[in-house]
$ cat start16.tsv   # TSV, N, CA and C atoms
chain	number	residue	atom	x	y	z
A	4	MET	N	77.18	43.24	29.68
A	4	MET	CA	76.49	44.41	30.20
A	4	MET	C	75.43	44.87	29.20
A	5	THR	N	74.29	45.24	29.74
A	5	THR	CA	73.22	45.79	28.92
A	5	THR	C	73.63	47.17	28.42
A	6	ASP	N	73.38	47.43	27.16
A	6	ASP	CA	73.63	48.78	26.64
A	6	ASP	C	72.31	49.38	26.18
A	7	SER	N	72.33	50.67	25.90
A	7	SER	CA	71.09	51.36	25.55
A	7	SER	C	70.52	50.88	24.22
A	8	GLN	N	71.36	50.32	23.35
A	8	GLN	CA	70.85	49.78	22.08
A	8	GLN	C	69.99	48.54	22.34
A	9	ALA	N	70.40	47.70	23.30
A	9	ALA	CA	69.60	46.52	23.66
A	9	ALA	C	68.27	46.96	24.27
A	10	VAL	N	68.31	48.01	25.09
A	10	VAL	CA	67.08	48.55	25.69
A	10	VAL	C	66.17	49.09	24.59
A	11	PHE	N	66.75	49.83	23.64
A	11	PHE	CA	65.98	50.38	22.53
A	11	PHE	C	65.31	49.26	21.71
A	12	SER	N	66.06	48.21	21.41
A	12	SER	CA	65.51	47.09	20.63
A	12	SER	C	64.34	46.44	21.36
A	13	LEU	N	64.51	46.21	22.66
A	13	LEU	CA	63.43	45.60	23.44
A	13	LEU	C	62.24	46.54	23.54
A	14	PHE	N	62.51	47.83	23.68
A	14	PHE	CA	61.44	48.83	23.72
A	14	PHE	C	60.60	48.76	22.46
A	15	ARG	N	61.25	48.76	21.30
A	15	ARG	CA	60.51	48.71	20.03
A	15	ARG	C	59.74	47.41	19.87
A	16	GLN	N	60.31	46.29	20.33
A	16	GLN	CA	59.61	45.00	20.25
A	16	GLN	C	58.37	45.00	21.11
A	17	ARG	N	58.48	45.51	22.33
A	17	ARG	CA	57.37	45.44	23.28
A	17	ARG	C	56.36	46.56	23.13
A	18	TYR	N	56.83	47.77	22.86
A	18	TYR	CA	55.96	48.93	22.95
A	18	TYR	C	55.72	49.65	21.63
A	19	GLY	N	56.46	49.35	20.61
A	19	GLY	CA	56.22	49.93	19.29
A	19	GLY	C	56.53	51.39	19.18
A	20	GLY	N	55.53	52.19	18.88
A	20	GLY	CA	55.65	53.60	18.54
A	20	GLY	C	56.32	54.50	19.55
A	21	PHE	N	55.66	55.56	19.93
A	21	PHE	CA	56.15	56.55	20.89
A	21	PHE	C	57.23	57.45	20.32
A	22	GLY	N	57.14	57.87	19.11
A	22	GLY	CA	58.03	58.90	18.62
A	22	GLY	C	59.18	58.41	17.76
A	23	SER	N	60.06	59.35	17.46
A	23	SER	CA	61.18	59.06	16.57
A	23	SER	C	62.22	58.18	17.26
A	24	ASP	N	63.04	57.52	16.46
A	24	ASP	CA	64.08	56.67	17.02
A	24	ASP	C	65.04	57.44	17.91
A	25	ASP	N	65.41	58.64	17.51
A	25	ASP	CA	66.35	59.45	18.31
A	25	ASP	C	65.76	59.79	19.68
A	26	ASP	N	64.49	60.15	19.71
A	26	ASP	CA	63.83	60.46	20.98
A	26	ASP	C	63.77	59.23	21.88
A	27	VAL	N	63.39	58.11	21.31
A	27	VAL	CA	63.27	56.88	22.09
A	27	VAL	C	64.64	56.39	22.55
A	28	LYS	N	65.65	56.51	21.71
A	28	LYS	CA	67.00	56.12	22.11
A	28	LYS	C	67.48	56.95	23.30
A	29	ALA	N	67.15	58.22	23.30
A	29	ALA	CA	67.52	59.08	24.43
A	29	ALA	C	66.79	58.65	25.70
A	30	LEU	N	65.51	58.32	25.58
A	30	LEU	CA	64.75	57.82	26.73
A	30	LEU	C	65.35	56.52	27.25
A	31	CYS	N	65.72	55.63	26.34
A	31	CYS	CA	66.29	54.33	26.72
A	31	CYS	C	67.63	54.51	27.42
A	32	PHE	N	68.46	55.39	26.91
A	32	PHE	CA	69.76	55.66	27.51
A	32	PHE	C	69.59	56.19	28.93
A	33	THR	N	68.70	57.17	29.09
A	33	THR	CA	68.46	57.77	30.40
A	33	THR	C	67.88	56.75	31.37
A	34	ALA	N	66.95	55.93	30.90
A	34	ALA	CA	66.33	54.92	31.76
A	34	ALA	C	67.38	53.92	32.24
A	35	LEU	N	68.24	53.48	31.36
A	35	LEU	CA	69.28	52.53	31.73
A	35	LEU	C	70.23	53.15	32.76
A	36	GLN	N	70.56	54.42	32.58
A	36	GLN	CA	71.45	55.10	33.52
A	36	GLN	C	70.81	55.24	34.90
A	37	GLU	N	69.49	55.22	34.98
A	37	GLU	CA	68.80	55.27	36.27
A	37	GLU	C	68.69	53.89	36.91
A	38	ILE	N	68.59	52.85	36.09
A	38	ILE	CA	68.43	51.49	36.62
A	38	ILE	C	69.76	50.93	37.13
A	39	LEU	N	70.85	51.15	36.41
A	39	LEU	CA	72.14	50.54	36.76
A	39	LEU	C	72.62	50.85	38.18
A	40	PRO	N	72.50	52.08	38.68
A	40	PRO	CA	72.96	52.34	40.05
A	40	PRO	C	72.13	51.66	41.13
A	41	LEU	N	70.96	51.16	40.77
A	41	LEU	CA	70.10	50.49	41.74
A	41	LEU	C	70.51	49.04	41.98
A	42	LEU	N	71.39	48.51	41.12
A	42	LEU	CA	71.78	47.10	41.20
A	42	LEU	C	72.80	46.86	42.30
A	43	LYS	N	72.74	45.66	42.86
A	43	LYS	CA	73.73	45.24	43.85
A	43	LYS	C	75.11	45.20	43.21
A	44	PRO	N	76.14	45.43	43.99
A	44	PRO	CA	77.50	45.25	43.45
A	44	PRO	C	77.67	43.80	43.00
A	45	GLY	N	78.22	43.61	41.84
A	45	GLY	CA	78.44	42.28	41.31
A	45	GLY	C	77.24	41.67	40.60
A	46	ALA	N	76.11	42.40	40.55
A	46	ALA	CA	74.93	41.89	39.85
A	46	ALA	C	75.22	41.83	38.35
A	47	ASP	N	74.62	40.87	37.69
A	47	ASP	CA	74.80	40.69	36.25
A	47	ASP	C	74.06	41.80	35.51
A	48	THR	N	74.81	42.78	35.02
A	48	THR	CA	74.19	43.90	34.32
A	48	THR	C	73.69	43.51	32.93
A	49	GLY	N	74.05	42.32	32.48
A	49	GLY	CA	73.57	41.84	31.18
A	49	GLY	C	72.29	41.04	31.29
A	50	ASP	N	71.76	40.89	32.49
A	50	ASP	CA	70.53	40.13	32.72
A	50	ASP	C	69.37	40.78	31.96
A	51	ILE	N	68.54	39.95	31.36
A	51	ILE	CA	67.41	40.45	30.57
A	51	ILE	C	66.44	41.26	31.43
A	52	ARG	N	66.42	41.00	32.73
A	52	ARG	CA	65.53	41.77	33.62
A	52	ARG	C	65.98	43.23	33.72
A	53	VAL	N	67.29	43.47	33.62
A	53	VAL	CA	67.81	44.84	33.63
A	53	VAL	C	67.33	45.55	32.36
A	54	THR	N	67.49	44.88	31.24
A	54	THR	CA	67.05	45.45	29.96
A	54	THR	C	65.54	45.70	29.98
A	55	GLY	N	64.79	44.75	30.50
A	55	GLY	CA	63.33	44.88	30.58
A	55	GLY	C	62.89	46.02	31.46
A	56	ALA	N	63.54	46.18	32.60
A	56	ALA	CA	63.18	47.27	33.51
A	56	ALA	C	63.49	48.63	32.88
A	57	ALA	N	64.64	48.73	32.22
A	57	ALA	CA	65.00	49.99	31.55
A	57	ALA	C	64.03	50.29	30.41
A	58	ALA	N	63.65	49.28	29.65
A	58	ALA	CA	62.69	49.49	28.55
A	58	ALA	C	61.33	49.90	29.10
A	59	ALA	N	60.91	49.28	30.20
A	59	ALA	CA	59.62	49.63	30.81
A	59	ALA	C	59.64	51.05	31.35
A	60	LEU	N	60.76	51.46	31.96
A	60	LEU	CA	60.89	52.83	32.45
A	60	LEU	C	60.85	53.82	31.29
A	61	ALA	N	61.52	53.51	30.21
A	61	ALA	CA	61.50	54.37	29.03
A	61	ALA	C	60.08	54.46	28.47
A	62	ALA	N	59.35	53.35	28.46
A	62	ALA	CA	57.96	53.36	27.96
A	62	ALA	C	57.07	54.21	28.86
A	63	LEU	N	57.29	54.12	30.16
A	63	LEU	CA	56.51	54.94	31.09
A	63	LEU	C	56.77	56.42	30.84
A	64	ARG	N	58.02	56.78	30.66
A	64	ARG	CA	58.36	58.18	30.38
A	64	ARG	C	57.77	58.63	29.05
A	65	ALA	N	57.81	57.75	28.05
A	65	ALA	CA	57.25	58.09	26.74
A	65	ALA	C	55.74	58.27	26.83
A	66	ALA	N	55.08	57.41	27.60
A	66	ALA	CA	53.62	57.52	27.76
A	66	ALA	C	53.26	58.81	28.47
A	67	ARG	N	54.02	59.16	29.50
A	67	ARG	CA	53.75	60.41	30.22
A	67	ARG	C	53.97	61.61	29.31
A	68	ARG	N	55.03	61.56	28.53
A	68	ARG	CA	55.32	62.66	27.61
A	68	ARG	C	54.19	62.80	26.59
A	69	GLU	N	53.70	61.67	26.10
A	69	GLU	CA	52.61	61.71	25.13
A	69	GLU	C	51.33	62.26	25.74
A	70	ASP	N	51.06	61.88	27.00
A	70	ASP	CA	49.88	62.40	27.68
A	70	ASP	C	49.98	63.90	27.91
A	71	PHE	N	51.17	64.38	28.28
A	71	PHE	CA	51.36	65.81	28.50
A	71	PHE	C	51.25	66.60	27.20
A	72	ALA	N	51.71	66.01	26.12
A	72	ALA	CA	51.70	66.71	24.83
A	72	ALA	C	50.33	66.65	24.15
A	73	SER	N	49.48	65.78	24.63
A	73	SER	CA	48.17	65.60	24.01
A	73	SER	C	47.33	66.86	24.14
A	74	ASP	N	46.59	67.17	23.09
A	74	ASP	CA	45.69	68.32	23.11
A	74	ASP	C	44.36	67.99	23.78
A	75	THR	N	44.12	66.71	24.04
A	75	THR	CA	42.87	66.27	24.64
A	75	THR	C	42.93	66.44	26.15
A	76	PRO	N	41.99	67.14	26.73
A	76	PRO	CA	42.01	67.30	28.19
A	76	PRO	C	41.70	65.96	28.87
A	77	SER	N	42.27	65.76	30.05
A	77	SER	CA	42.01	64.51	30.76
A	77	SER	C	40.65	64.53	31.44
A	78	SER	N	40.14	65.74	31.72
A	78	SER	CA	38.80	65.84	32.30
A	78	SER	C	38.28	67.27	32.11
A	79	PHE	N	36.97	67.40	32.17
A	79	PHE	CA	36.37	68.73	32.17
A	79	PHE	C	35.04	68.68	32.87
A	80	ARG	N	34.57	69.83	33.30
A	80	ARG	CA	33.33	69.92	34.04
A	80	ARG	C	32.49	71.04	33.45
A	81	ALA	N	31.21	70.76	33.28
A	81	ALA	CA	30.26	71.76	32.80
A	81	ALA	C	29.02	71.68	33.68
A	82	GLY	N	28.92	72.57	34.61
A	82	GLY	CA	27.78	72.53	35.53
A	82	GLY	C	27.85	71.30	36.42
A	83	ASP	N	26.79	70.49	36.38
A	83	ASP	CA	26.74	69.28	37.19
A	83	ASP	C	27.33	68.07	36.48
A	84	VAL	N	27.77	68.25	35.26
A	84	VAL	CA	28.28	67.14	34.47
A	84	VAL	C	29.81	67.21	34.40
A	85	SER	N	30.46	66.10	34.72
A	85	SER	CA	31.91	66.05	34.57
A	85	SER	C	32.27	64.82	33.75
A	86	VAL	N	33.27	64.98	32.91
A	86	VAL	CA	33.73	63.89	32.05
A	86	VAL	C	35.22	63.71	32.29
A	87	THR	N	35.64	62.47	32.49
A	87	THR	CA	37.05	62.17	32.70
A	87	THR	C	37.48	61.11	31.70
A	88	PHE	N	38.60	61.37	31.03
A	88	PHE	CA	39.17	60.41	30.10
A	88	PHE	C	40.30	59.68	30.83
A	89	SER	N	40.31	58.38	30.75
A	89	SER	CA	41.38	57.64	31.43
A	89	SER	C	42.63	57.64	30.55
A	90	ALA	N	43.75	57.69	31.20
A	90	ALA	CA	45.04	57.63	30.50
A	90	ALA	C	45.47	56.16	30.47
A	91	VAL	N	44.82	55.38	29.62
A	91	VAL	CA	45.06	53.95	29.58
A	91	VAL	C	46.53	53.64	29.27
A	92	THR	N	47.11	54.34	28.34
A	92	THR	CA	48.49	54.08	27.96
A	92	THR	C	49.43	54.28	29.15
A	93	GLN	N	49.25	55.38	29.87
A	93	GLN	CA	50.10	55.66	31.01
A	93	GLN	C	49.87	54.64	32.12
A	94	GLN	N	48.63	54.26	32.37
A	94	GLN	CA	48.34	53.27	33.40
A	94	GLN	C	48.96	51.92	33.05
A	95	ALA	N	48.87	51.54	31.80
A	95	ALA	CA	49.47	50.28	31.36
A	95	ALA	C	50.98	50.32	31.49
A	96	ALA	N	51.58	51.45	31.15
A	96	ALA	CA	53.03	51.60	31.26
A	96	ALA	C	53.47	51.56	32.72
A	97	GLU	N	52.71	52.17	33.62
A	97	GLU	CA	53.04	52.13	35.04
A	97	GLU	C	52.97	50.70	35.57
A	98	SER	N	51.95	49.97	35.16
A	98	SER	CA	51.81	48.57	35.57
A	98	SER	C	52.97	47.73	35.04
A	99	GLU	N	53.32	47.95	33.79
A	99	GLU	CA	54.44	47.22	33.18
A	99	GLU	C	55.75	47.51	33.92
A	100	TYR	N	55.96	48.77	34.29
A	100	TYR	CA	57.18	49.14	35.01
A	100	TYR	C	57.22	48.50	36.39
A	101	ARG	N	56.10	48.51	37.10
A	101	ARG	CA	56.05	47.86	38.43
A	101	ARG	C	56.37	46.38	38.32
A	102	GLN	N	55.84	45.72	37.30
A	102	GLN	CA	56.12	44.30	37.10
A	102	GLN	C	57.60	44.07	36.78
A	103	ALA	N	58.18	44.94	35.97
A	103	ALA	CA	59.59	44.80	35.60
A	103	ALA	C	60.50	45.01	36.81
A	104	ILE	N	60.19	45.97	37.65
A	104	ILE	CA	60.99	46.22	38.85
A	104	ILE	C	60.83	45.07	39.84
A	105	THR	N	59.64	44.52	39.93
A	105	THR	CA	59.42	43.37	40.80
A	105	THR	C	60.27	42.19	40.33
A	106	ALA	N	60.30	41.95	39.04
A	106	ALA	CA	61.12	40.86	38.48
A	106	ALA	C	62.61	41.12	38.72
A	107	LEU	N	63.00	42.38	38.73
A	107	LEU	CA	64.39	42.76	38.91
A	107	LEU	C	64.81	42.76	40.38
A	108	SER	N	63.88	42.67	41.30
A	108	SER	CA	64.16	42.85	42.72
A	108	SER	C	65.29	41.98	43.28
A	109	PRO	N	65.50	40.73	42.82
A	109	PRO	CA	66.64	39.98	43.37
A	109	PRO	C	68.00	40.62	43.06
A	110	LEU	N	68.06	41.45	42.04
A	110	LEU	CA	69.32	42.09	41.66
A	110	LEU	C	69.49	43.49	42.25
A	111	LEU	N	68.45	44.01	42.92
A	111	LEU	CA	68.49	45.37	43.43
A	111	LEU	C	69.16	45.44	44.80
A	112	LYS	N	69.81	46.59	45.06
A	112	LYS	CA	70.38	46.84	46.38
A	112	LYS	C	69.26	46.87	47.40
A	113	ASP	N	69.55	46.39	48.57
A	113	ASP	CA	68.59	46.45	49.67
A	113	ASP	C	68.98	47.63	50.54
A	114	SER	N	68.48	48.80	50.18
A	114	SER	CA	68.87	50.01	50.89
A	114	SER	C	67.78	50.52	51.83
A	115	GLY	N	66.70	49.74	51.94
A	115	GLY	CA	65.61	50.16	52.80
A	115	GLY	C	65.90	49.88	54.26
A	116	PHE	N	65.25	50.60	55.12
A	116	PHE	CA	65.40	50.40	56.56
A	116	PHE	C	64.02	50.58	57.17
A	117	TYR	N	63.66	49.64	58.01
A	117	TYR	CA	62.36	49.73	58.68
A	117	TYR	C	62.60	49.86	60.17
A	118	PHE	N	61.96	50.81	60.77
A	118	PHE	CA	62.05	51.00	62.22
A	118	PHE	C	60.64	50.98	62.74
A	119	GLY	N	60.38	50.10	63.64
A	119	GLY	CA	59.05	50.01	64.19
A	119	GLY	C	59.07	49.39	65.56
A	120	GLN	N	57.96	49.47	66.25
A	120	GLN	CA	57.83	48.93	67.58
A	120	GLN	C	57.75	47.40	67.52
A	121	VAL	N	58.45	46.75	68.41
A	121	VAL	CA	58.39	45.30	68.53
A	121	VAL	C	57.34	44.98	69.58
A	122	LYS	N	56.34	44.21	69.20
A	122	LYS	CA	55.28	43.84	70.13
A	122	LYS	C	55.51	42.40	70.60
A	123	ILE	N	55.38	42.20	71.86
A	123	ILE	CA	55.58	40.85	72.43
A	123	ILE	C	54.26	40.33	72.93
$ encode --input "start16.tsv" --output "structure tokens"
Amino acid sequence: MTDSQAVFSLFRQRYGGFGSDDDVKALCFTALQEILPLLKPGADTGDIRVTGAAAALAALRAARREDFASDTPSSFRAGDVSVTFSAVTQQAAESEYRQAITALSPLLKDSGFYFGQVKI
């Protein structure tokens, strides 16, 4: 079974910084606790894709927290001129998380339901 220490180690290998070890460990623990209930019964919880998805979710949360804490405004307007700063870190983290969840999809519960008109 994947534990939060494995998630933390992978997080540091892939994403580096993002605050103190205690803060990141808490993010990793929380992310893993959110990923595990999404798995099918009997799925291998020790699969590297589980660890990767939890680390990517923790990185996304860390990037969002960093963006919120930043003193730099994301955009401003002065008359007819507007300037927007892109949140590259957050966008990259969102992309990384989507890729990790896609890789994890064979292990996820299929809880979706589609209802639509059948056309003949």
$ closest_residue --input "start16.tsv" --among "A:Ser12, A:Ala61, A:Ile51, A:Asp24" --to "Gln36 in chain A" --atoms "only C-alpha atoms"
A:Ala61
$ atom_distance --input "start16.tsv" --atom1 "atom C of Thr48 in chain A" --atom2 "atom N of Arg15 in chain A"
17.8 Å
$ select_by_dssp --input "start16.tsv" --residues "range 39-123 of chain A" --states "strand (DSSP E or B)" --output "ChimeraX atom specification"
/A:42,78-81,84-87,111
$ closest_residue --input "start16.tsv" --among "A:Arg64, A:Arg52, A:Lys28, A:Lys43" --to "Glu97 in chain A" --atoms "all atoms listed in the file"
A:Arg64
$ select_by_dssp --input "start16.tsv" --residues "chain A" --states "alpha helix (DSSP H)" --output "PyMOL selection string"
chain A and resi 7-18+24-38+51-72+91-107
$ closest_residue --input "start16.tsv" --among "A:Phe11, A:Leu107, A:Asp6, A:Ala66" --to "Val53 in chain A" --atoms "only C-alpha atoms"
A:Leu107
